[in-house]
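Remarks on the structure that follows.
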Amino acid sequence: MPSFPPLPGLRLLAAGVGVVLGSSLQLQQARLWLPVHYTALSALGLAVLVLLFGLDRRGPLREKAHALALAIVPALAAAIFGVTGLRAGERLAEQLPAELEGRDLAVIGVIAGLPQRSPEAWRFHFEPHSARIGDRVIDLPSRLSLGWYATPDGAELPALRAGQRWQLTLRLKRPHGLSNPHGFDYELYLFEQGVRATGSVRTVHDTPNRLLGDGEGHVVDRLRQSVRDAITARVADASSAGVLAALAVGDQAAIERDDWALYRQTGVAHLMSISGLHVTMFAWLAGLGVDALWRRSRRAMGACPTPLAARWGGLAAACAYAVFAGWGVPAQRTVLMLASVVILGAAGLRWSWPLVWTAAMVVVTAIDPWALLQPGYWLSFAAVGLLLASGEARGLVAATSGLATEPMRLRWQGAAAWLVRLLSGGLRTQAIATLGLAPLTLVFFQQLSLVGFAANLVAIPVITLGVTPLALLGVLLPPLWGPAAWTVAQLNAGLQWLATPDWAVWSVPAAAPWAAAFGLLGAALALLPLPWTLRSLGLPLLLPLLAPAVPRPAEGAYDMTVIDVGQGTSVLLRTARHALLYDTGPQYAREADAGGRVLLPLLRSLGEERLDLLMLSHRDSDHVGGAATVLRGLPVTRLASSLEASHGLLALAGALGVDREPCVAGRQWTWDGVQFELLHPTAEALASAERVKTRPNTLSCVLRVSGRWGGQVHTVLLTGDLEREQEARLVAQHGRALASEVLLVPHHGSKTSSSAAFLDAVAPRMAVVQAGYRNRFGHPAPEVLARYAARGIEVLDSPRCGAWRFGPMGAACWRPQVRRYWHHPDADSTHNGVEVANPVGPESTD
C-alpha cells in the first residue's frame with residue numbers, strides 16, 4: 001500500500017500547492033489592489049507560516065503535524081498572492097502616459113535583442129535613455145517594441161543592429177491586442193517581456209532619425225546577430241538557414257511561415273525553438289565532457305567529486321547556452337529546473353522525484369508567476385512529471401549514464417544491448433509523452449497531430465543530436481552549417497510527406513472547463529503505474545474532452561460573432577446546421593493575416609469543420625486579407641462576392657473546387673428557419689463595374705439576417721463599406737423595411753457613411769464598429785458617433801469590446817469578460833458612442 005511521504009516531503013508538496021495556488025489566484029484579478037493591501041496580505045501569510053513552523057519545532061503529535069503541513073497551503077498562498085500583486089504593480093506602473101499616445105516624441109536609446117527584418121519593415125525592441133516632447137523632458141517605459149516601416153517614396157531602410165544607439169522620432173501607444181474567444185493574449189505576452197509601449201518610427205524632415213553610435217552594450221545580442229547574419233550569408237536555402245538560426249541563437253522569427261505551419265501539423269514545432277529538450281541535452285553533453293575531463297586529474301577529483309563537478313558543469317553550460325539563445329521563457333524555466341536539481345544534489349538531499357519535481361515548479365513559479373498562463377509551462381512540467389512517474393526517464397538516464405561512465409569497458413555485445421535498451425526506452429518514452437500530452441494539447445490548441453508520434457521519432461534524434469550540435473559547432477567551424485542545412489532540408493521533405501494526408505491533423509472544439517479537467521485526470525489515470533481497475537477509468541473520463549458537445553442555435557435561431565480583427569471586418573453567423581463567414585479581416589503583414597491568426601483558430605475552437613458560405617463584401621484588403629488562408633485552411637462550399645471576374649481569390653476558389661457566385665440584390669435563402677437576404681449591389685451595378693472603374697466600397701455586399709427566439713424576431717444588417725450614396729438608394733428602395741435590431745456600422749464609422757436618413761430607416765438598438773485601436777483613419781469619426789448618440793443607439797467598438805456575441809444566449813462583449821490587470825484599460829470605458837476613439841490624431845502607431 002502507498003505510504004505518506006515523510007513530513008519534510010509533505011510540507012514541500014504543500015508549499016508547492018500554496019505557491020501555484022497563490023500565483024494562480026492573483027493572475028485572475030481584473031484590477032490590482034493598492035500596494036498596502038498586498039503588503040498586509042503577504043505579512044499575514046508570512047506570520048502564519050512562522051507560527052506554523054514554530055509549532056512544528058515544539059514536537060507536536062504526528063497526526064497534528066499533518067494538519068500543520070496542510071495549513072501551509074493557505075498561508076503560503078496568501079503570502080505569494082501578495083508578493084505577486086506587488087511585483088505586478090511595479091511592472092504596471094511603468095506605463096506610457098495616456099497623453100503621450102499618438103504624439104511625436106524625440107527619443108534617444110539603444111536597440112536591444114535581435115532586430116527582425118521583413119520586406120516592408122524592421123521590428124525591434126528599443127531601450128530609451130532620454131526622451132522629449134517639444135522642449136519638455138518626459139519619462140518612457142524602459143522597453144519599447146517598435147516598427148520601422150518603408151516609406152512610399154521607396155527610400156532604403158537603414159541596417160539595424162543590436163547595440164546601436166539611435167536618435168529617433170517615435171509615435172507610441174499602450175499595448176493593445178485583439179480579444180477573441182480562445183485567442184492569443186498579445187498583451188500578456190508583452191507584459192511578461194516587460195514591454196509597456198509599442199509604436200513606430202516616424203520620418204520627420206526637421207528632426208531626422210540619426211545613428212549616434214555602435215556597439216553600446218548588449219554584447220550577447222550583438223554576437224547573436226553576427227552569428228545569425230553569418231548563417232544567412234553561408235546557407236543559400238532560406239528555409240534551412242531559418243531553422244539553424246532558431247536553434248543556434250534562438251531567433252524563432254527566422255523560420256518561415258510555411259515551415260512553422262508544417263512543424264505544427266507534424267507536431268515537431270517544439271523542436272524548432274530553444275526548448276527545454278535542447279537546453280537539457282546541452283547540459284547532459286556538457287556534463288559528460290566535464291566528467292571525462294575531471295577523471296583525468298586526481299587533484300580535481302580530490303577537490304570536488306566527479307559527479308558533482310559534472311552536474312555543476314552541465315548547469316553552467318546550459319545557462320550559457322540559454323543566455324546565448326536569447327534567454328527566452330522556456331529556456332529560463334529549464335535552467336531553473338536544472339538548477340533546483342543540482343542544488344539539491346549538492347546539498348546532499350536525496351529527495352524522491354515528486355519532491356524534486358515540486359521544488360522545480362516552486363522555483364519557476366516564484367520567479368515567473370505569469371508563466372502559469374503559458375501552455376509551455378504546463379506542457380513541459382506535465383511531460384517531465386509523466387516520464388518520471390512512469391519510470392521511463394529514470395531508466396533512460398541510467399542507461400545513458402552507464403555509457404558515459406565506462407565507455408572503454410563496453411564490449412560490442414554490451415554496446416549492442418545498451419543500444420537496444422536505449423532505443424526501446426526511447427520508444428516507450430515517446431509513446432508516454434505523446435499520449436500523456438495529447439489531452440493538454442487538445443485543451444490548449446484544440447488540435448493534435450496524428451502523425452506526431454512518427455514525426456518525433458525521427459525528428460527528435462535528428463534535431464537534438466544532429467542539427468542542433470552542428471548549428472552550435474558551426475559558430476566555430478562555419479563549414480558545419482552545410483551538412484546541418486542539408487539535414488534540415490531532408491527532414492522537411494519527410495515531414496511534408498507525413499503532413500500530406502487530410503487526416504494528419506485532428507481538430508476538436510474547445511472543451512468546457514469541467515470536460516478539460518476530467519480529460520486530464522483520465523490521461524493521468526491511464527498512464528501512471530496504477531492498478532488496472534483505476535486505469536480503466538481513464539477512457540470514459542477522456543471522452544468529454546475527445547468528443548465535446550458543440551452548442552448550436554435552435555431551429556429558427558442564429559448566433560453571431562463580430563470578430564475582433566483590428567482595422568477590418570469579419571463576422572461569423574451560425575444556424576442549427578450551417579455557418580457563414582462575412583469577410584475575413586485584414587492582412588497584417590506579408591507573412592501574417594487575420595485568417596491564420598484569428599479566424600481559423602476561432603472556427604476550430606467552435607467546432608466548425610467547414611463553411612457553407614464565405615461572403616466577401618468587396619475587394620478592399622481589410623475585408624479580404626485573410627480569405628486565401630481561410631480557403632486553404634477550411635473546406636468552403638460556396639463563395640459569394642462582388643469581386644471582379646479576374647480577381648485572384650476567385651481563381652484560387654475555383655482551383656479548390658469552391659462554387660463561386662456574385663452578390664446580387666434580391667437573392668434570398670433560408671437555413672434552418674433563418675432568413676437571409678442580399679440587399680446590395682444590384683446586377684446592373686456589378687455589370688457596370690466590370691466596364692468602368694468603380695470604387696470597391698460602392699459594391700459592398702449588404703446582407704440582412706432574420707431569426708426568431710424568445711418569442712421575438714431578431715434582425716441584423718451587415719453593410720461592408722457602404723457609403724452615403726448607396727445608403728440613400730437602399731432607403732429609397734426599402735424604407736422602413738431596413739429596420740434591424742443590430743447594425744454593423746458601415747465603413748468602420750467613416751465620415752462617408754452612416755447618414756442620418758439611413759440611421760432613421762434602420763433604427764438599430766445596437767451598432768457595432770469594427771476598427772483598429774488608434775487606427776490611422778480616425779475611425780469611428782466623432783461626428784458619426786454623435787449621430788448615433790443623438791438617436792439613443794448604443795455603439796460598441798472592437799477596441800474596447802473585443803469580439804461581440806449576439807444570439808439566443810444574449811449579447812456580450814468578450815474583452816470585459818476576460819479582463820485582467822495587464823490588459824489595456826479601454827475595456828472599462830463607456831460604450832455609449834460619445835467617447836472619441838482617437839482624441840490626439842488620426843495617425844496609426846502600428
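Letters A, B, ... mark the chains of the C-alpha cells in the order given; residue numbers begin at 1 per chain; ligand numbers begin at 1, in order shown.
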Do a neighbour search on stretch 120-128 of chain A at 8 Å with only C-alpha atoms, toss out local chain neighbours closer than 6 positions, and write the hits as a ChimeraX atom specification.
/A:107-114,140-150,157,160
Expected file contents, prior selection, all heavy atoms, as a short mmCIF file (atom, residue, chain, number, x, y, z; two decimals), in the first residue's frame:
data_model
loop_
_atom_site.label_atom_id
_atom_site.label_comp_id
_atom_site.auth_asym_id
_atom_site.auth_seq_id
_atom_site.Cartn_x
_atom_site.Cartn_y
_atom_site.Cartn_z
N VAL A 107 13.36 60.65 -29.11
CA VAL A 107 13.87 59.66 -28.17
C VAL A 107 15.28 59.24 -28.58
O VAL A 107 15.56 59.01 -29.76
CB VAL A 107 12.95 58.41 -28.11
CG1 VAL A 107 13.43 57.44 -27.05
CG2 VAL A 107 11.51 58.82 -27.85
N ILE A 108 16.16 59.12 -27.59
CA ILE A 108 17.50 58.56 -27.78
C ILE A 108 17.58 57.28 -26.98
O ILE A 108 17.22 57.25 -25.80
CB ILE A 108 18.58 59.55 -27.33
CG1 ILE A 108 18.56 60.81 -28.21
CG2 ILE A 108 19.96 58.90 -27.36
CD1 ILE A 108 19.54 61.88 -27.77
N GLY A 109 18.04 56.21 -27.63
CA GLY A 109 18.11 54.94 -26.95
C GLY A 109 18.91 53.92 -27.74
O GLY A 109 19.55 54.25 -28.75
N VAL A 110 18.87 52.67 -27.27
CA VAL A 110 19.70 51.60 -27.82
C VAL A 110 18.80 50.44 -28.26
O VAL A 110 17.82 50.10 -27.57
CB VAL A 110 20.72 51.11 -26.78
CG1 VAL A 110 21.53 49.93 -27.31
CG2 VAL A 110 21.67 52.25 -26.40
N ILE A 111 19.15 49.83 -29.38
CA ILE A 111 18.43 48.65 -29.88
C ILE A 111 18.81 47.45 -29.03
O ILE A 111 19.99 47.16 -28.84
CB ILE A 111 18.75 48.40 -31.35
CG1 ILE A 111 18.24 49.56 -32.21
CG2 ILE A 111 18.14 47.08 -31.83
CD1 ILE A 111 18.60 49.46 -33.67
N ALA A 112 17.79 46.73 -28.54
CA ALA A 112 18.00 45.55 -27.70
C ALA A 112 17.45 44.32 -28.42
O ALA A 112 16.50 44.41 -29.19
CB ALA A 112 17.32 45.71 -26.35
N GLY A 113 18.04 43.16 -28.15
CA GLY A 113 17.57 41.94 -28.79
C GLY A 113 17.97 41.89 -30.26
O GLY A 113 18.82 42.66 -30.73
N LEU A 114 17.35 40.98 -31.00
CA LEU A 114 17.66 40.81 -32.41
C LEU A 114 16.63 41.55 -33.26
O LEU A 114 15.45 41.18 -33.25
CB LEU A 114 17.65 39.33 -32.80
CG LEU A 114 18.71 38.43 -32.18
CD1 LEU A 114 18.61 37.02 -32.75
CD2 LEU A 114 20.10 38.99 -32.42
N LEU A 140 9.72 57.52 -20.25
CA LEU A 140 9.10 56.46 -21.04
C LEU A 140 9.36 55.11 -20.38
O LEU A 140 10.29 54.98 -19.57
CB LEU A 140 9.66 56.44 -22.47
CG LEU A 140 9.37 57.65 -23.35
CD1 LEU A 140 10.02 57.46 -24.72
CD2 LEU A 140 7.87 57.87 -23.50
N PRO A 141 8.56 54.09 -20.70
CA PRO A 141 8.86 52.74 -20.22
C PRO A 141 10.26 52.32 -20.63
O PRO A 141 10.80 52.78 -21.64
CB PRO A 141 7.79 51.88 -20.88
CG PRO A 141 6.66 52.82 -21.16
CD PRO A 141 7.30 54.13 -21.47
N SER A 142 10.85 51.43 -19.86
CA SER A 142 12.25 51.05 -20.10
C SER A 142 12.43 50.18 -21.32
O SER A 142 13.56 49.98 -21.77
CB SER A 142 12.80 50.32 -18.86
OG SER A 142 12.05 49.15 -18.61
N ARG A 143 11.36 49.62 -21.87
CA ARG A 143 11.49 48.77 -23.05
C ARG A 143 10.29 49.00 -23.97
O ARG A 143 9.14 48.94 -23.54
CB ARG A 143 11.57 47.30 -22.64
CG ARG A 143 12.09 46.37 -23.73
CD ARG A 143 12.35 44.97 -23.16
NE ARG A 143 12.97 44.07 -24.10
CZ ARG A 143 14.27 43.94 -24.29
NH1 ARG A 143 15.11 44.67 -23.57
NH2 ARG A 143 14.77 43.09 -25.16
N LEU A 144 10.58 49.27 -25.24
CA LEU A 144 9.56 49.54 -26.24
C LEU A 144 9.66 48.50 -27.36
O LEU A 144 10.74 47.98 -27.65
CB LEU A 144 9.73 50.93 -26.85
CG LEU A 144 9.97 52.10 -25.89
CD1 LEU A 144 10.27 53.37 -26.69
CD2 LEU A 144 8.75 52.31 -25.00
N SER A 145 8.54 48.21 -27.99
CA SER A 145 8.51 47.37 -29.17
C SER A 145 8.14 48.25 -30.36
O SER A 145 7.05 48.85 -30.37
CB SER A 145 7.49 46.23 -29.01
OG SER A 145 7.44 45.44 -30.19
N LEU A 146 9.03 48.35 -31.35
CA LEU A 146 8.88 49.33 -32.43
C LEU A 146 8.87 48.66 -33.80
O LEU A 146 9.40 47.57 -34.00
CB LEU A 146 10.02 50.34 -32.39
CG LEU A 146 10.20 51.16 -31.11
CD1 LEU A 146 11.41 52.07 -31.24
CD2 LEU A 146 8.94 51.96 -30.80
N GLY A 147 8.26 49.37 -34.74
CA GLY A 147 8.33 49.03 -36.15
C GLY A 147 8.89 50.20 -36.92
O GLY A 147 8.53 51.36 -36.65
N TRP A 148 9.77 49.92 -37.87
CA TRP A 148 10.30 50.97 -38.76
C TRP A 148 9.93 50.54 -40.17
O TRP A 148 10.49 49.62 -40.72
CB TRP A 148 11.81 51.09 -38.59
CG TRP A 148 12.39 52.33 -39.20
CD1 TRP A 148 11.89 53.08 -40.22
CD2 TRP A 148 13.62 52.99 -38.81
NE1 TRP A 148 12.70 54.15 -40.50
CE2 TRP A 148 13.77 54.12 -39.65
CE3 TRP A 148 14.58 52.72 -37.86
CZ2 TRP A 148 14.87 54.96 -39.56
CZ3 TRP A 148 15.67 53.57 -37.76
CH2 TRP A 148 15.83 54.69 -38.60
N TYR A 149 8.94 51.24 -40.74
CA TYR A 149 8.33 50.81 -41.99
C TYR A 149 8.91 51.57 -43.18
O TYR A 149 9.30 52.73 -43.06
CB TYR A 149 6.81 51.02 -41.94
CG TYR A 149 6.16 50.21 -40.84
CD1 TYR A 149 5.98 50.77 -39.57
CD2 TYR A 149 5.76 48.91 -41.06
CE1 TYR A 149 5.39 50.03 -38.56
CE2 TYR A 149 5.17 48.17 -40.04
CZ TYR A 149 4.99 48.73 -38.79
OH TYR A 149 4.43 48.00 -37.78
N ALA A 150 8.91 50.89 -44.33
CA ALA A 150 9.36 51.53 -45.56
C ALA A 150 8.40 52.66 -45.93
O ALA A 150 7.18 52.56 -45.72
CB ALA A 150 9.41 50.50 -46.69
N LEU A 157 15.60 51.41 -46.12
CA LEU A 157 15.64 51.37 -44.66
C LEU A 157 17.07 51.13 -44.19
O LEU A 157 17.83 50.40 -44.84
CB LEU A 157 14.73 50.26 -44.13
CG LEU A 157 13.23 50.50 -44.22
CD1 LEU A 157 12.47 49.25 -43.79
CD2 LEU A 157 12.81 51.68 -43.36
N LEU A 160 19.78 47.85 -39.25
CA LEU A 160 19.73 47.94 -37.79
C LEU A 160 20.46 46.76 -37.18
O LEU A 160 20.37 45.62 -37.65
CB LEU A 160 18.28 47.95 -37.30
CG LEU A 160 17.39 49.08 -37.82
CD1 LEU A 160 16.02 49.01 -37.16
CD2 LEU A 160 18.04 50.44 -37.57
#
List as a VMD selection string the protein and nucleic acid residues near A:Ala248, meaning an atom at most 7 Å away when only C-alpha atoms are counted, but skip any in the same chain fewer than 5 places from it.
chain A and resid 325 468 471 to 472
Can you list, as a ChimeraX atom specification, every protein, DNA or RNA residue that comes within 10 Å of A:Pro375 when you count only C-alpha atoms, leaving out same-chain residues fewer than 4 positions away?
/A:371,379-380,440-441,443-445
Non-local contacts of stretch 758-771 of chain A (7 Å; only C-alpha atoms; under 5 positions in same chain excluded) as a ChimeraX atom specification:
/A:566-569,727-728,731,735-736,738-745,748-749,779,793-799
Saved selection, atoms kept: N, CA, C and O atoms, as a CSV table (one decimal), in the first residue's frame:
chain,number,residue,atom,x,y,z
A,566,GLY,N,-9.1,43.8,-35.6
A,566,GLY,CA,-8.4,45.1,-35.8
A,566,GLY,C,-9.1,45.9,-36.8
A,566,GLY,O,-10.3,46.0,-36.8
A,567,GLN,N,-8.3,46.6,-37.6
A,567,GLN,CA,-8.9,47.5,-38.6
A,567,GLN,C,-9.4,46.7,-39.8
A,567,GLN,O,-8.6,46.5,-40.8
A,568,GLY,N,-10.5,46.2,-39.7
A,568,GLY,CA,-11.1,45.3,-40.8
A,568,GLY,C,-12.4,44.7,-40.3
A,568,GLY,O,-12.9,45.1,-39.3
A,569,THR,N,-13.0,43.9,-41.2
A,569,THR,CA,-14.3,43.3,-40.9
A,569,THR,C,-14.3,41.8,-41.0
A,569,THR,O,-13.6,41.3,-42.0
A,727,GLU,N,-26.3,54.2,-49.4
A,727,GLU,CA,-27.3,54.2,-48.2
A,727,GLU,C,-28.6,54.8,-48.7
A,727,GLU,O,-29.7,54.3,-48.4
A,728,ALA,N,-28.5,55.9,-49.4
A,728,ALA,CA,-29.7,56.6,-49.9
A,728,ALA,C,-30.5,55.8,-50.8
A,728,ALA,O,-31.7,55.8,-50.8
A,731,VAL,N,-32.4,53.3,-48.7
A,731,VAL,CA,-33.5,53.9,-48.0
A,731,VAL,C,-34.7,54.1,-49.0
A,731,VAL,O,-35.9,53.9,-48.7
A,735,GLY,N,-37.0,51.6,-47.5
A,735,GLY,CA,-37.6,52.4,-46.5
A,735,GLY,C,-37.5,51.8,-45.1
A,735,GLY,O,-36.4,51.3,-44.7
A,736,ARG,N,-38.6,51.7,-44.4
A,736,ARG,CA,-38.7,51.2,-43.0
A,736,ARG,C,-38.4,49.7,-43.0
A,736,ARG,O,-38.2,49.1,-41.9
A,738,LEU,N,-35.9,48.3,-43.8
A,738,LEU,CA,-34.5,48.2,-43.4
A,738,LEU,C,-34.3,48.0,-41.9
A,738,LEU,O,-33.2,47.6,-41.5
A,739,ALA,N,-35.4,48.2,-41.2
A,739,ALA,CA,-35.3,48.2,-39.7
A,739,ALA,C,-34.6,46.9,-39.2
A,739,ALA,O,-35.0,45.8,-39.6
A,740,SER,N,-33.6,47.1,-38.4
A,740,SER,CA,-32.9,45.9,-37.8
A,740,SER,C,-32.5,46.2,-36.4
A,740,SER,O,-32.2,47.4,-36.0
A,741,GLU,N,-32.4,45.2,-35.6
A,741,GLU,CA,-32.1,45.4,-34.2
A,741,GLU,C,-30.6,45.7,-34.0
A,741,GLU,O,-30.2,46.5,-33.2
A,742,VAL,N,-29.7,45.1,-34.9
A,742,VAL,CA,-28.3,45.3,-34.8
A,742,VAL,C,-27.8,45.8,-36.2
A,742,VAL,O,-28.2,45.2,-37.2
A,743,LEU,N,-26.9,46.8,-36.2
A,743,LEU,CA,-26.3,47.3,-37.4
A,743,LEU,C,-24.8,47.2,-37.3
A,743,LEU,O,-24.2,47.6,-36.3
A,744,LEU,N,-24.2,46.6,-38.3
A,744,LEU,CA,-22.7,46.6,-38.4
A,744,LEU,C,-22.4,48.0,-39.1
A,744,LEU,O,-22.7,48.2,-40.2
A,745,VAL,N,-21.8,48.9,-38.3
A,745,VAL,CA,-21.7,50.3,-38.7
A,745,VAL,C,-20.9,50.3,-40.1
A,745,VAL,O,-19.8,49.7,-40.2
A,748,HIS,N,-16.7,51.2,-41.0
A,748,HIS,CA,-16.0,51.3,-39.7
A,748,HIS,C,-16.2,52.6,-39.0
A,748,HIS,O,-15.4,53.1,-38.2
A,749,GLY,N,-17.3,53.3,-39.4
A,749,GLY,CA,-17.6,54.6,-38.8
A,749,GLY,C,-17.0,55.8,-39.5
A,749,GLY,O,-16.8,56.8,-38.9
A,779,HIS,N,-11.2,56.2,-37.4
A,779,HIS,CA,-12.5,55.5,-37.2
A,779,HIS,C,-12.7,55.1,-35.8
A,779,HIS,O,-11.8,54.6,-35.1
A,793,ILE,N,-28.7,55.2,-29.8
A,793,ILE,CA,-28.2,53.9,-30.3
A,793,ILE,C,-27.0,53.6,-29.6
A,793,ILE,O,-26.0,54.4,-29.5
A,794,GLU,N,-26.9,52.4,-28.9
A,794,GLU,CA,-25.7,52.0,-28.2
A,794,GLU,C,-24.7,51.6,-29.2
A,794,GLU,O,-24.9,50.7,-30.1
A,795,VAL,N,-23.5,52.1,-29.1
A,795,VAL,CA,-22.4,51.8,-30.0
A,795,VAL,C,-21.3,51.0,-29.3
A,795,VAL,O,-20.9,51.4,-28.2
A,796,LEU,N,-20.9,49.9,-29.9
A,796,LEU,CA,-19.9,49.0,-29.3
A,796,LEU,C,-18.8,49.0,-30.3
A,796,LEU,O,-19.0,48.8,-31.5
A,797,ASP,N,-17.5,49.3,-29.9
A,797,ASP,CA,-16.4,49.3,-30.8
A,797,ASP,C,-15.4,48.2,-30.4
A,797,ASP,O,-15.2,48.0,-29.2
A,798,SER,N,-14.8,47.5,-31.4
A,798,SER,CA,-14.0,46.4,-31.1
A,798,SER,C,-12.8,46.7,-30.2
A,798,SER,O,-12.3,45.8,-29.5
A,799,PRO,N,-12.1,47.9,-30.3
A,799,PRO,CA,-11.0,48.1,-29.4
A,799,PRO,C,-11.4,48.0,-27.9
A,799,PRO,O,-10.5,47.6,-27.1
Would you mind listing what lies within 8 Å of stretch 206-223 of chain A as a PDB file with N, CA, C and O atoms, in the first residue's frame, with only C-alpha atoms counted and same-chain residues fewer than 6 positions away left out?
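Result written to out_20.pdb:
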ATOM      1  N   VAL A 110      18.871  52.672 -27.272  1.00  0.00           N
ATOM      2  CA  VAL A 110      19.697  51.598 -27.822  1.00  0.00           C
ATOM      3  C   VAL A 110      18.800  50.444 -28.258  1.00  0.00           C
ATOM      4  O   VAL A 110      17.824  50.098 -27.574  1.00  0.00           O
ATOM      5  N   ALA A 112      17.790  46.732 -28.539  1.00  0.00           N
ATOM      6  CA  ALA A 112      18.003  45.550 -27.703  1.00  0.00           C
ATOM      7  C   ALA A 112      17.455  44.320 -28.423  1.00  0.00           C
ATOM      8  O   ALA A 112      16.500  44.414 -29.188  1.00  0.00           O
ATOM      9  N   GLY A 113      18.040  43.158 -28.151  1.00  0.00           N
ATOM     10  CA  GLY A 113      17.570  41.936 -28.793  1.00  0.00           C
ATOM     11  C   GLY A 113      17.973  41.886 -30.257  1.00  0.00           C
ATOM     12  O   GLY A 113      18.819  42.656 -30.730  1.00  0.00           O
ATOM     13  N   LEU A 114      17.354  40.976 -30.996  1.00  0.00           N
ATOM     14  CA  LEU A 114      17.658  40.809 -32.414  1.00  0.00           C
ATOM     15  C   LEU A 114      16.626  41.547 -33.260  1.00  0.00           C
ATOM     16  O   LEU A 114      15.445  41.176 -33.251  1.00  0.00           O
ATOM     17  N   ARG A 161      21.174  47.062 -36.085  1.00  0.00           N
ATOM     18  CA  ARG A 161      21.909  46.020 -35.381  1.00  0.00           C
ATOM     19  C   ARG A 161      21.754  46.211 -33.876  1.00  0.00           C
ATOM     20  O   ARG A 161      21.581  47.340 -33.392  1.00  0.00           O
ATOM     21  N   ALA A 162      21.808  45.114 -33.157  1.00  0.00           N
ATOM     22  CA  ALA A 162      21.737  45.176 -31.707  1.00  0.00           C
ATOM     23  C   ALA A 162      22.881  46.025 -31.169  1.00  0.00           C
ATOM     24  O   ALA A 162      24.014  45.942 -31.658  1.00  0.00           O
ATOM     25  N   GLY A 163      22.587  46.850 -30.169  1.00  0.00           N
ATOM     26  CA  GLY A 163      23.607  47.691 -29.553  1.00  0.00           C
ATOM     27  C   GLY A 163      23.792  49.033 -30.215  1.00  0.00           C
ATOM     28  O   GLY A 163      24.561  49.862 -29.705  1.00  0.00           O
ATOM     29  N   GLN A 164      23.108  49.301 -31.334  1.00  0.00           N
ATOM     30  CA  GLN A 164      23.216  50.620 -31.954  1.00  0.00           C
ATOM     31  C   GLN A 164      22.467  51.661 -31.120  1.00  0.00           C
ATOM     32  O   GLN A 164      21.395  51.389 -30.585  1.00  0.00           O
ATOM     33  N   ARG A 165      23.040  52.854 -31.061  1.00  0.00           N
ATOM     34  CA  ARG A 165      22.408  53.970 -30.348  1.00  0.00           C
ATOM     35  C   ARG A 165      21.842  54.937 -31.380  1.00  0.00           C
ATOM     36  O   ARG A 165      22.571  55.429 -32.248  1.00  0.00           O
ATOM     37  N   TRP A 166      20.521  55.171 -31.289  1.00  0.00           N
ATOM     38  CA  TRP A 166      19.831  55.979 -32.285  1.00  0.00           C
ATOM     39  C   TRP A 166      19.101  57.148 -31.633  1.00  0.00           C
ATOM     40  O   TRP A 166      18.653  57.069 -30.491  1.00  0.00           O
ATOM     41  N   GLN A 167      18.971  58.219 -32.425  1.00  0.00           N
ATOM     42  CA  GLN A 167      18.034  59.292 -32.119  1.00  0.00           C
ATOM     43  C   GLN A 167      16.863  59.128 -33.082  1.00  0.00           C
ATOM     44  O   GLN A 167      17.029  59.221 -34.303  1.00  0.00           O
ATOM     45  N   LEU A 168      15.671  58.862 -32.533  1.00  0.00           N
ATOM     46  CA  LEU A 168      14.513  58.532 -33.355  1.00  0.00           C
ATOM     47  C   LEU A 168      13.325  59.419 -32.986  1.00  0.00           C
ATOM     48  O   LEU A 168      13.186  59.841 -31.833  1.00  0.00           O
ATOM     49  N   THR A 169      12.486  59.652 -33.969  1.00  0.00           N
ATOM     50  CA  THR A 169      11.181  60.254 -33.720  1.00  0.00           C
ATOM     51  C   THR A 169      10.169  59.118 -33.670  1.00  0.00           C
ATOM     52  O   THR A 169       9.990  58.388 -34.650  1.00  0.00           O
ATOM     53  N   VAL A 323      21.425  31.780 -22.316  1.00  0.00           N
ATOM     54  CA  VAL A 323      21.689  33.212 -22.458  1.00  0.00           C
ATOM     55  C   VAL A 323      22.035  33.542 -23.901  1.00  0.00           C
ATOM     56  O   VAL A 323      21.527  34.512 -24.480  1.00  0.00           O
ATOM     57  N   PHE A 324      22.889  32.726 -24.523  1.00  0.00           N
ATOM     58  CA  PHE A 324      23.286  32.965 -25.917  1.00  0.00           C
ATOM     59  C   PHE A 324      22.087  32.841 -26.857  1.00  0.00           C
ATOM     60  O   PHE A 324      22.026  33.507 -27.889  1.00  0.00           O
ATOM     61  N   GLY A 326      19.116  33.818 -26.264  1.00  0.00           N
ATOM     62  CA  GLY A 326      18.129  34.859 -26.051  1.00  0.00           C
ATOM     63  C   GLY A 326      17.441  34.847 -24.714  1.00  0.00           C
ATOM     64  O   GLY A 326      16.620  35.719 -24.429  1.00  0.00           O
TER      65      GLY A 326
END
In stretch 70-150 of chain A, DSSP strand (DSSP E) residues written as a VMD selection string:
chain A and resid 104 to 118 121 to 133 136 to 137 144 to 149
